[in-house]
Protein chains: 2
Amino acid sequence: MRELWIDLNPDSSKALYEQIYDKIRTMIADGKLFPGEKLPSTRFMAKSLSISRSTVEVAYEQLTAEGYLESRPRAGYFVCDISMLYQQRQDTPETGIVPERVEHKMSALRFSPFEVDAEHFPYGIWNRLYKEMNAAENGALLMSGEAQGDRKLRTAICRYLCRARGVVCQEEQIIVGAGNEYLLLLLAQLLDSCRSVMMERYTYIQAYQTFSNMGYTLHAADVDGGGICMRDVEEQQPELVYVMPSHQFPLGHVMPLKRRLELLAWASEGRGRYILEDDHDSEFRYKGRPIPALWGNDSGEHVIYLGTFSKSIAPSLRVSFMVLPGHLLARYRQRCSFYSCTVPRVMQAVLYRFLEEGHFERHLNRMRNLYKGKHDLLLHLLRQESWIKRIYGEYAGLHVLAELKGGVPEAFVTDRAYTEGLEVHGLGEYRAVPEDLVSMERPATLLLGYGNLDEVDMRRGIEILRHSVSPGTK
Amino acid sequence: MRELWIDLNPDSSKALYEQIYDKIRTMIADGKLFPGEKLPSTRFMAKSLSISRSTVEVAYEQLTAEGYLESRPRAGYFVCDISMLYQQRQDTPETGIVPERVEHKMSALRFSPFEVDAEHFPYGIWNRLYKEMNAAENGALLMSGEAQGDRKLRTAICRYLCRARGVVCQEEQIIVGAGNEYLLLLLAQLLDSCRSVMMERYTYIQAYQTFSNMGYTLHAADVDGGGICMRDVEEQQPELVYVMPSHQFPLGHVMPLKRRLELLAWASEGRGRYILEDDHDSEFRYKGRPIPALWGNDSGEHVIYLGTFSKSIAPSLRVSFMVLPGHLLARYRQRCSFYSCTVPRVMQAVLYRFLEEGHFERHLNRMRNLYKGKHDLLLHLLRQESWIKRIYGEYAGLHVLAELKGGVPEAFVTDRAYTEGLEVHGLGEYRAVPEDLVSMERPATLLLGYGNLDEVDMRRGIEILRHSVSPGTK
């Protein structure tokens, strides 16, 4: 046992026992006290520092509880062996790892179609629910929950789908997961003989890449005003058709009932044909009635429904869900029920209450109004710009499309805007088969998302675009 | 415009404007006020209810903000069309969906190797960090973050790995994801020509099933006291070998240095050979020094490291991470960087601070002490039981193995215990190739997890097992 000098400061805001605790902990971590070494007795220590013995005892007990010290009955306190834990490796070898591209994502101005308004989120309600759930569940939220997602949450989603989207299903059919792409990775494990997917030529490109990574053969269909061209579906004969009937991304049209029925008829004509309905942002429609889901027209065996809270709440929440037809559900249970649900349980619990207590629908109503205001303002501003040939895809979702005049290439504009601090994307980036440059080439068009922009940002963004489209200016 | 009678209660704890708000909202939701219908003017309403006009205005404004009403300049307030939103579908069709098996999971007593102590989790600290992060980040946490996981969190994980596990890497190499299985689904998209995986005959069966679902050819290797048998690796020539060198699950042994070097030598001898090191619970070792990771012995090109917070914090947190060698990282960036990180950003932010401020290591030290106590107690209790032939896999992790005397089949015991309200698993459930019943059949053995059990539960569980092993008793 060595003597242990601790320089106590009685005027510090830190309690004396904390000062002792800190000092000994640091000495152990720095290797100045060795594993197995005996500490001075509490009595000795108290005397040498002229403080009460109980102060020393509290510090020693804390260190023992945290595993730094070990108390041996009738022998005293000894330093534990935690050397490995604190061993600092100084030598970082050469690895040839290319550093990440540093995005100026969080600082730049963005016309992003995937961002939501972060200012009007009901943080107060959400945080209160979080706090209450944590207090009420008393540790149960630390345990693994149900593989498909907690039943309560699925029941709430089920009710919402029925009420708001005309999707009548049972909570048994719902699989909750961390985002659409994860659910597509699950789905790929259920679609046995299905190896080819058809998507619209302009589509949600992340889904395209996911299918591509999973080894599917991909077909791109032409798109007309009513959505996917049935001629292409009939000709290519894919097993799965991926569509967004309520609001096509990125083009923004609605699939009319006739086309829906044609698509359903195609699916029912062959064995193992599926329609994947991605209902990503149907909550936001600023004119006319909400468009019901395609699922409602199906007999219940061909449509796989994919929904998300990424736009209705926030993308960072990472909660999506999939509704499976009965026979795919049976396969899911056989093959995939060993996967733990990828959404943290506490998130599921908070989301459940958010839905169940009506906060979600109130939030949607409020956001719909707010986004309508932003939408109207952006349209008003864009209509004054002479470099825009036409605007389309308005009155729904969180972006509009602006077709450019005079043959200036998209990439030229987006690159130039980027150097000015504006992130904006061209329609070409959402092209399902980028190498196929001949057919269906659309004129240069920008996606202008407005979910998280205020008037000042919109005006600033439009000004940058105005400069970027005309090579001569600036 | 119809007259609108609202029965106000001046003695209610609800403010008058709230009562008006509630009443009108309910009438809209119930279809008693029609879309497009004009509401009485605030002046008229105030007069007829004998209250101040501003009270009515507050209620109307709230309803407008939430999308129930629409204010038309100089015309008044009109009911919005939200009929679809509130349309209740009463008709639930017949679907033939088999109801879920209802697990009595949350009520039963469980000897689970995957559960953690829920009582001593530092809820106070965690919730404080949650609250602080939400307040400080001011909406930024609603936006999508970096695909590999937020850099700050990866840096903190990187530091921890270096300090505690001897894994020297850069934060660029770390991919954060919602659980090990999700990361394996990502990894499968990077391992080009690699189509066959070898696992130990008794292993983490969820990983086995994931590889199987992804279409890999699976091989099971014999296991001796040092882990995977190199003879089987050499003979079957898989492309990927999945091991748990620091603490094999479920058998509990540590891979000695000699075997590690043999495995690394095998990997470096052929192109495209990988070792997947699953370092699932190396934090909990109750005797001797922590065992460093295999990664530390590699040149940096053959080992893929998989870590998780499922045992060190909680399984329901759903945070795991993977460290990729440089060339796989390059492929990840090319093919998978479009996937959003599957862990909610607020969770990442809280976990970052939990790590960075030392709470994690303090928690680990405390838990190590706590689990050691539980481990010692369980061993003490089990040693008094005459139906146990031998106990092994002790001094690490969160379970021990109890081999049964006298040829009673595992399934008989686990089924019988289940009817008595005890969930317990047999070693056979973790067998990589269940149909292969000839070679390496181990005697009936139970996995006894103790992470979330106290003394009362342990005693009760052991009593149920005592009855369950001997058909005659009870």
# chains A, B, ... in the order shown; residues from 1 in each chain; ligands from 1
call {"tool": "residues_around", "arguments": {"residues": "Gln334 in chain B", "least_positions_apart": "3", "cutoff": "12 Å", "atoms": "only C-alpha atoms", "output": "list in words"}}
result
Gln209 and Asn213 of chain A; Gln189, Leu190, His327, Leu328, Leu329, Ala330, Arg331, Ser337, Phe338 and Tyr339 of chain B
call {"tool": "residues_around", "arguments": {"residues": "Leu370 in chain B", "least_positions_apart": "5", "cutoff": "12 Å", "atoms": "only C-alpha atoms", "output": "list in words"}}
result
Thr64, Ala65, Glu66 and Gly67 of chain A; Val116, Asp117, Ala118, Glu119, His120, Phe121, Phe284, Arg285, Tyr286, His363, Leu364, Asn365, His375, Asp376, Leu377, Leu398, Tyr450, Gly451, Asn452, Leu453 and Asp454 of chain B
call {"tool": "write_last_selection", "arguments": {"atoms": "C-alpha atoms", "output": "JSON list (two decimals), in the first residue's frame"}}
result
[["chain", "number", "residue", "atom", "x", "y", "z"],
["A", 64, "THR", "CA", -16.47, -0.30, -6.20],
["A", 65, "ALA", "CA", -19.94, -0.13, -7.76],
["A", 66, "GLU", "CA", -18.38, 1.03, -11.00],
["A", 67, "GLY", "CA", -15.82, -1.75, -11.03],
["B", 116, "VAL", "CA", -30.07, -7.63, -20.00],
["B", 117, "ASP", "CA", -30.71, -6.33, -16.52],
["B", 118, "ALA", "CA", -33.49, -3.78, -16.89],
["B", 119, "GLU", "CA", -33.46, -2.59, -13.31],
["B", 120, "HIS", "CA", -30.03, -1.01, -13.16],
["B", 121, "PHE", "CA", -30.06, 0.75, -16.48],
["B", 284, "PHE", "CA", -18.62, -9.28, -19.84],
["B", 285, "ARG", "CA", -15.78, -11.39, -18.54],
["B", 286, "TYR", "CA", -15.62, -12.23, -14.84],
["B", 363, "HIS", "CA", -22.27, 1.46, -16.98],
["B", 364, "LEU", "CA", -20.20, -1.48, -18.24],
["B", 365, "ASN", "CA", -18.11, -1.56, -15.08],
["B", 375, "HIS", "CA", -23.33, -15.45, -12.33],
["B", 376, "ASP", "CA", -21.79, -16.52, -9.02],
["B", 377, "LEU", "CA", -25.20, -16.95, -7.42],
["B", 398, "LEU", "CA", -24.78, -13.66, -19.81],
["B", 450, "TYR", "CA", -29.32, -14.81, -16.09],
["B", 451, "GLY", "CA", -28.97, -11.20, -17.29],
["B", 452, "ASN", "CA", -32.41, -10.13, -16.15],
["B", 453, "LEU", "CA", -33.02, -12.58, -13.28],
["B", 454, "ASP", "CA", -32.88, -11.92, -9.56]]
call {"tool": "closest_residue", "arguments": {"among": "B:Ser470, B:Ser112, B:Gln384, B:Gln237", "to": "chain A", "atoms": "only C-alpha atoms"}}
result
B:Ser112
call {"tool": "residues_around", "arguments": {"residues": "range 402-405 of chain B", "least_positions_apart": "3", "cutoff": "7 Å", "atoms": "only C-alpha atoms", "output": "tab-separated table (two decimals) with N, CA and C atoms, in the first residue's frame"}}
result
chain	number	residue	atom	x	y	z
B	387	TRP	N	-29.57	-33.16	-10.87
B	387	TRP	CA	-29.90	-33.54	-12.24
B	387	TRP	C	-28.93	-32.96	-13.27
B	388	ILE	N	-27.99	-32.14	-12.78
B	388	ILE	CA	-27.01	-31.55	-13.69
B	388	ILE	C	-25.73	-32.36	-13.67
B	389	LYS	N	-25.27	-32.75	-14.85
B	389	LYS	CA	-24.05	-33.53	-14.96
B	389	LYS	C	-22.83	-32.63	-14.86
B	390	ARG	N	-22.83	-31.57	-15.66
B	390	ARG	CA	-21.75	-30.59	-15.55
B	390	ARG	C	-22.21	-29.23	-16.05
B	391	ILE	N	-21.51	-28.22	-15.56
B	391	ILE	CA	-21.80	-26.84	-15.96
B	391	ILE	C	-20.59	-26.35	-16.73
B	392	TYR	N	-20.81	-25.69	-17.86
B	392	TYR	CA	-19.67	-25.08	-18.56
B	392	TYR	C	-20.09	-23.76	-19.21
B	443	PRO	N	-24.65	-34.02	-25.79
B	443	PRO	CA	-25.65	-34.47	-24.81
B	443	PRO	C	-26.62	-33.32	-24.50
B	444	ALA	N	-27.83	-33.70	-24.05
B	444	ALA	CA	-28.86	-32.71	-23.74
B	444	ALA	C	-28.31	-31.64	-22.79
B	445	THR	N	-28.43	-30.38	-23.21
B	445	THR	CA	-27.84	-29.26	-22.46
B	445	THR	C	-28.78	-28.06	-22.53
B	446	LEU	N	-28.91	-27.36	-21.43
B	446	LEU	CA	-29.75	-26.16	-21.41
B	446	LEU	C	-28.89	-24.90	-21.34
B	447	LEU	N	-29.34	-23.84	-22.02
B	447	LEU	CA	-28.71	-22.53	-21.91
B	447	LEU	C	-29.42	-21.77	-20.81
call {"tool": "residues_around", "arguments": {"residues": "Glu269 in chain A", "least_positions_apart": "6", "cutoff": "12 Å", "atoms": "only C-alpha atoms", "output": "list in words"}}
result
Glu234, Gln237, Glu239, Glu262, Leu263 and His302 of chain A
call {"tool": "select_by_dssp", "arguments": {"residues": "range 301-443 of chain A", "states": "strand (DSSP E or B)", "output": "ChimeraX atom specification"}}
result
/A:303-308,320-323,388-392,396,399-404,422-423,425-426,431
call {"tool": "closest_residue", "arguments": {"among": "A:Met367, A:Ile157, A:Leu422, A:Ala411", "to": "chain B", "atoms": "only C-alpha atoms"}}
result
A:Met367
call {"tool": "decode", "arguments": {"residues": "range 305-452 of chain A", "atoms": "C-alpha atoms", "output": "compact mmCIF listing (two decimals), in the first residue's frame"}}
result
# COMPACT_ATOMS: atom_id res chain seq x y z
CA TYR A 305 -48.61 -1.96 -49.50
CA LEU A 306 -45.66 0.12 -48.34
CA GLY A 307 -46.18 3.12 -46.05
CA THR A 308 -43.83 5.40 -44.16
CA PHE A 309 -43.74 8.09 -41.49
CA SER A 310 -40.71 9.69 -43.18
CA LYS A 311 -42.76 12.49 -44.69
CA SER A 312 -45.74 12.58 -42.35
CA ILE A 313 -43.46 12.83 -39.28
CA ALA A 314 -39.75 12.90 -40.16
CA PRO A 315 -37.26 10.90 -42.24
CA SER A 316 -34.88 10.60 -39.29
CA LEU A 317 -37.52 8.65 -37.32
CA ARG A 318 -36.86 5.67 -39.58
CA VAL A 319 -40.26 4.03 -39.33
CA SER A 320 -41.94 2.42 -42.30
CA PHE A 321 -44.39 -0.44 -42.57
CA MET A 322 -45.46 -3.02 -45.10
CA VAL A 323 -48.83 -4.75 -45.37
CA LEU A 324 -48.54 -8.26 -46.76
CA PRO A 325 -51.19 -10.40 -48.48
CA GLY A 326 -51.98 -13.60 -46.55
CA HIS A 327 -49.75 -16.03 -48.43
CA LEU A 328 -46.71 -13.75 -48.21
CA LEU A 329 -47.40 -13.29 -44.51
CA ALA A 330 -47.27 -17.06 -44.09
CA ARG A 331 -43.85 -17.09 -45.77
CA TYR A 332 -42.69 -14.17 -43.65
CA ARG A 333 -43.55 -16.08 -40.48
CA GLN A 334 -41.73 -19.16 -41.70
CA ARG A 335 -38.57 -17.44 -42.90
CA CYS A 336 -38.22 -14.01 -41.37
CA SER A 337 -39.83 -13.96 -37.96
CA PHE A 338 -36.40 -14.49 -36.35
CA TYR A 339 -35.43 -10.93 -37.35
CA SER A 340 -35.94 -8.56 -34.42
CA CYS A 341 -37.95 -5.50 -35.31
CA THR A 342 -35.43 -2.84 -36.42
CA VAL A 343 -37.25 0.08 -34.77
CA PRO A 344 -36.21 0.80 -31.15
CA ARG A 345 -39.03 -0.17 -28.81
CA VAL A 346 -39.24 3.17 -27.10
CA MET A 347 -39.78 4.80 -30.51
CA GLN A 348 -42.55 2.32 -31.22
CA ALA A 349 -44.18 3.10 -27.88
CA VAL A 350 -44.06 6.86 -28.43
CA LEU A 351 -45.34 6.56 -31.99
CA TYR A 352 -48.17 4.34 -30.78
CA ARG A 353 -49.39 6.99 -28.37
CA PHE A 354 -48.85 9.73 -30.94
CA LEU A 355 -51.20 7.87 -33.28
CA GLU A 356 -53.66 6.63 -30.71
CA GLU A 357 -54.25 9.94 -28.96
CA GLY A 358 -54.98 11.79 -32.17
CA HIS A 359 -51.76 13.82 -32.19
CA PHE A 360 -50.76 12.34 -35.53
CA GLU A 361 -53.89 13.39 -37.37
CA ARG A 362 -53.81 16.81 -35.76
CA HIS A 363 -50.19 17.13 -36.81
CA LEU A 364 -51.08 16.09 -40.36
CA ASN A 365 -53.89 18.63 -40.57
CA ARG A 366 -51.62 21.34 -39.29
CA MET A 367 -48.78 20.36 -41.63
CA ARG A 368 -51.13 20.13 -44.60
CA ASN A 369 -52.11 23.73 -44.01
CA LEU A 370 -48.54 24.80 -43.49
CA TYR A 371 -47.23 23.01 -46.59
CA LYS A 372 -50.12 24.35 -48.65
CA GLY A 373 -48.98 27.84 -47.68
CA LYS A 374 -45.39 27.05 -48.67
CA HIS A 375 -46.59 25.40 -51.89
CA ASP A 376 -48.70 28.41 -52.85
CA LEU A 377 -45.89 30.81 -52.07
CA LEU A 378 -43.32 28.85 -54.07
CA LEU A 379 -45.67 28.66 -57.07
CA HIS A 380 -46.27 32.39 -56.81
CA LEU A 381 -42.53 33.08 -56.77
CA LEU A 382 -41.70 30.63 -59.56
CA ARG A 383 -44.37 32.04 -61.86
CA GLN A 384 -42.45 35.30 -61.96
CA GLU A 385 -39.31 33.59 -63.28
CA SER A 386 -38.74 33.84 -67.02
CA TRP A 387 -36.31 30.90 -67.22
CA ILE A 388 -39.05 28.40 -66.33
CA LYS A 389 -40.99 26.93 -69.25
CA ARG A 390 -43.66 25.22 -67.18
CA ILE A 391 -44.35 24.05 -63.66
CA TYR A 392 -45.99 20.70 -62.95
CA GLY A 393 -46.53 18.13 -60.18
CA GLU A 394 -48.11 20.78 -57.98
CA TYR A 395 -50.99 20.55 -55.46
CA ALA A 396 -49.60 17.51 -53.61
CA GLY A 397 -46.52 16.17 -51.85
CA LEU A 398 -43.53 18.26 -50.87
CA HIS A 399 -42.06 19.35 -54.19
CA VAL A 400 -42.99 20.75 -57.60
CA LEU A 401 -41.19 20.31 -60.92
CA ALA A 402 -39.86 23.20 -62.96
CA GLU A 403 -39.03 22.56 -66.60
CA LEU A 404 -36.27 24.81 -67.90
CA LYS A 405 -36.38 26.89 -71.03
CA GLY A 406 -33.84 26.82 -73.82
CA GLY A 407 -31.98 23.51 -73.64
CA VAL A 408 -29.63 24.23 -70.71
CA PRO A 409 -28.55 20.83 -69.31
CA GLU A 410 -29.77 19.86 -65.83
CA ALA A 411 -26.35 18.89 -64.56
CA PHE A 412 -24.95 22.27 -65.58
CA VAL A 413 -27.56 24.03 -63.46
CA THR A 414 -27.38 21.73 -60.45
CA ASP A 415 -23.56 21.78 -60.41
CA ARG A 416 -23.43 25.51 -60.69
CA ALA A 417 -26.07 25.98 -57.99
CA TYR A 418 -24.09 23.64 -55.75
CA THR A 419 -21.01 25.83 -55.94
CA GLU A 420 -23.24 28.74 -54.88
CA GLY A 421 -24.35 26.81 -51.81
CA LEU A 422 -27.66 25.45 -53.10
CA GLU A 423 -28.45 21.74 -53.29
CA VAL A 424 -31.00 21.01 -55.99
CA HIS A 425 -31.68 17.86 -57.99
CA GLY A 426 -32.54 17.30 -61.61
CA LEU A 427 -35.21 14.92 -62.82
CA GLY A 428 -32.54 12.84 -64.53
CA GLU A 429 -31.22 11.72 -61.13
CA TYR A 430 -34.46 9.78 -60.62
CA ARG A 431 -34.24 7.98 -63.94
CA ALA A 432 -34.55 4.23 -63.47
CA VAL A 433 -32.21 3.28 -66.31
CA PRO A 434 -29.71 6.10 -66.59
CA GLU A 435 -27.74 4.57 -69.46
CA ASP A 436 -30.88 4.35 -71.60
CA LEU A 437 -30.65 7.87 -72.97
CA VAL A 438 -32.65 7.48 -76.16
CA SER A 439 -36.26 6.83 -75.26
CA MET A 440 -38.40 9.10 -73.14
CA GLU A 441 -35.72 11.71 -72.62
CA ARG A 442 -37.47 14.52 -70.77
CA PRO A 443 -36.48 18.18 -71.08
CA ALA A 444 -34.22 19.56 -68.35
CA THR A 445 -36.32 19.78 -65.20
CA LEU A 446 -35.55 20.57 -61.57
CA LEU A 447 -37.23 19.08 -58.48
CA LEU A 448 -38.00 21.90 -56.10
CA GLY A 449 -38.77 20.55 -52.63
CA TYR A 450 -40.09 23.09 -50.15
CA GLY A 451 -40.91 21.11 -46.98
CA ASN A 452 -38.27 22.77 -44.84
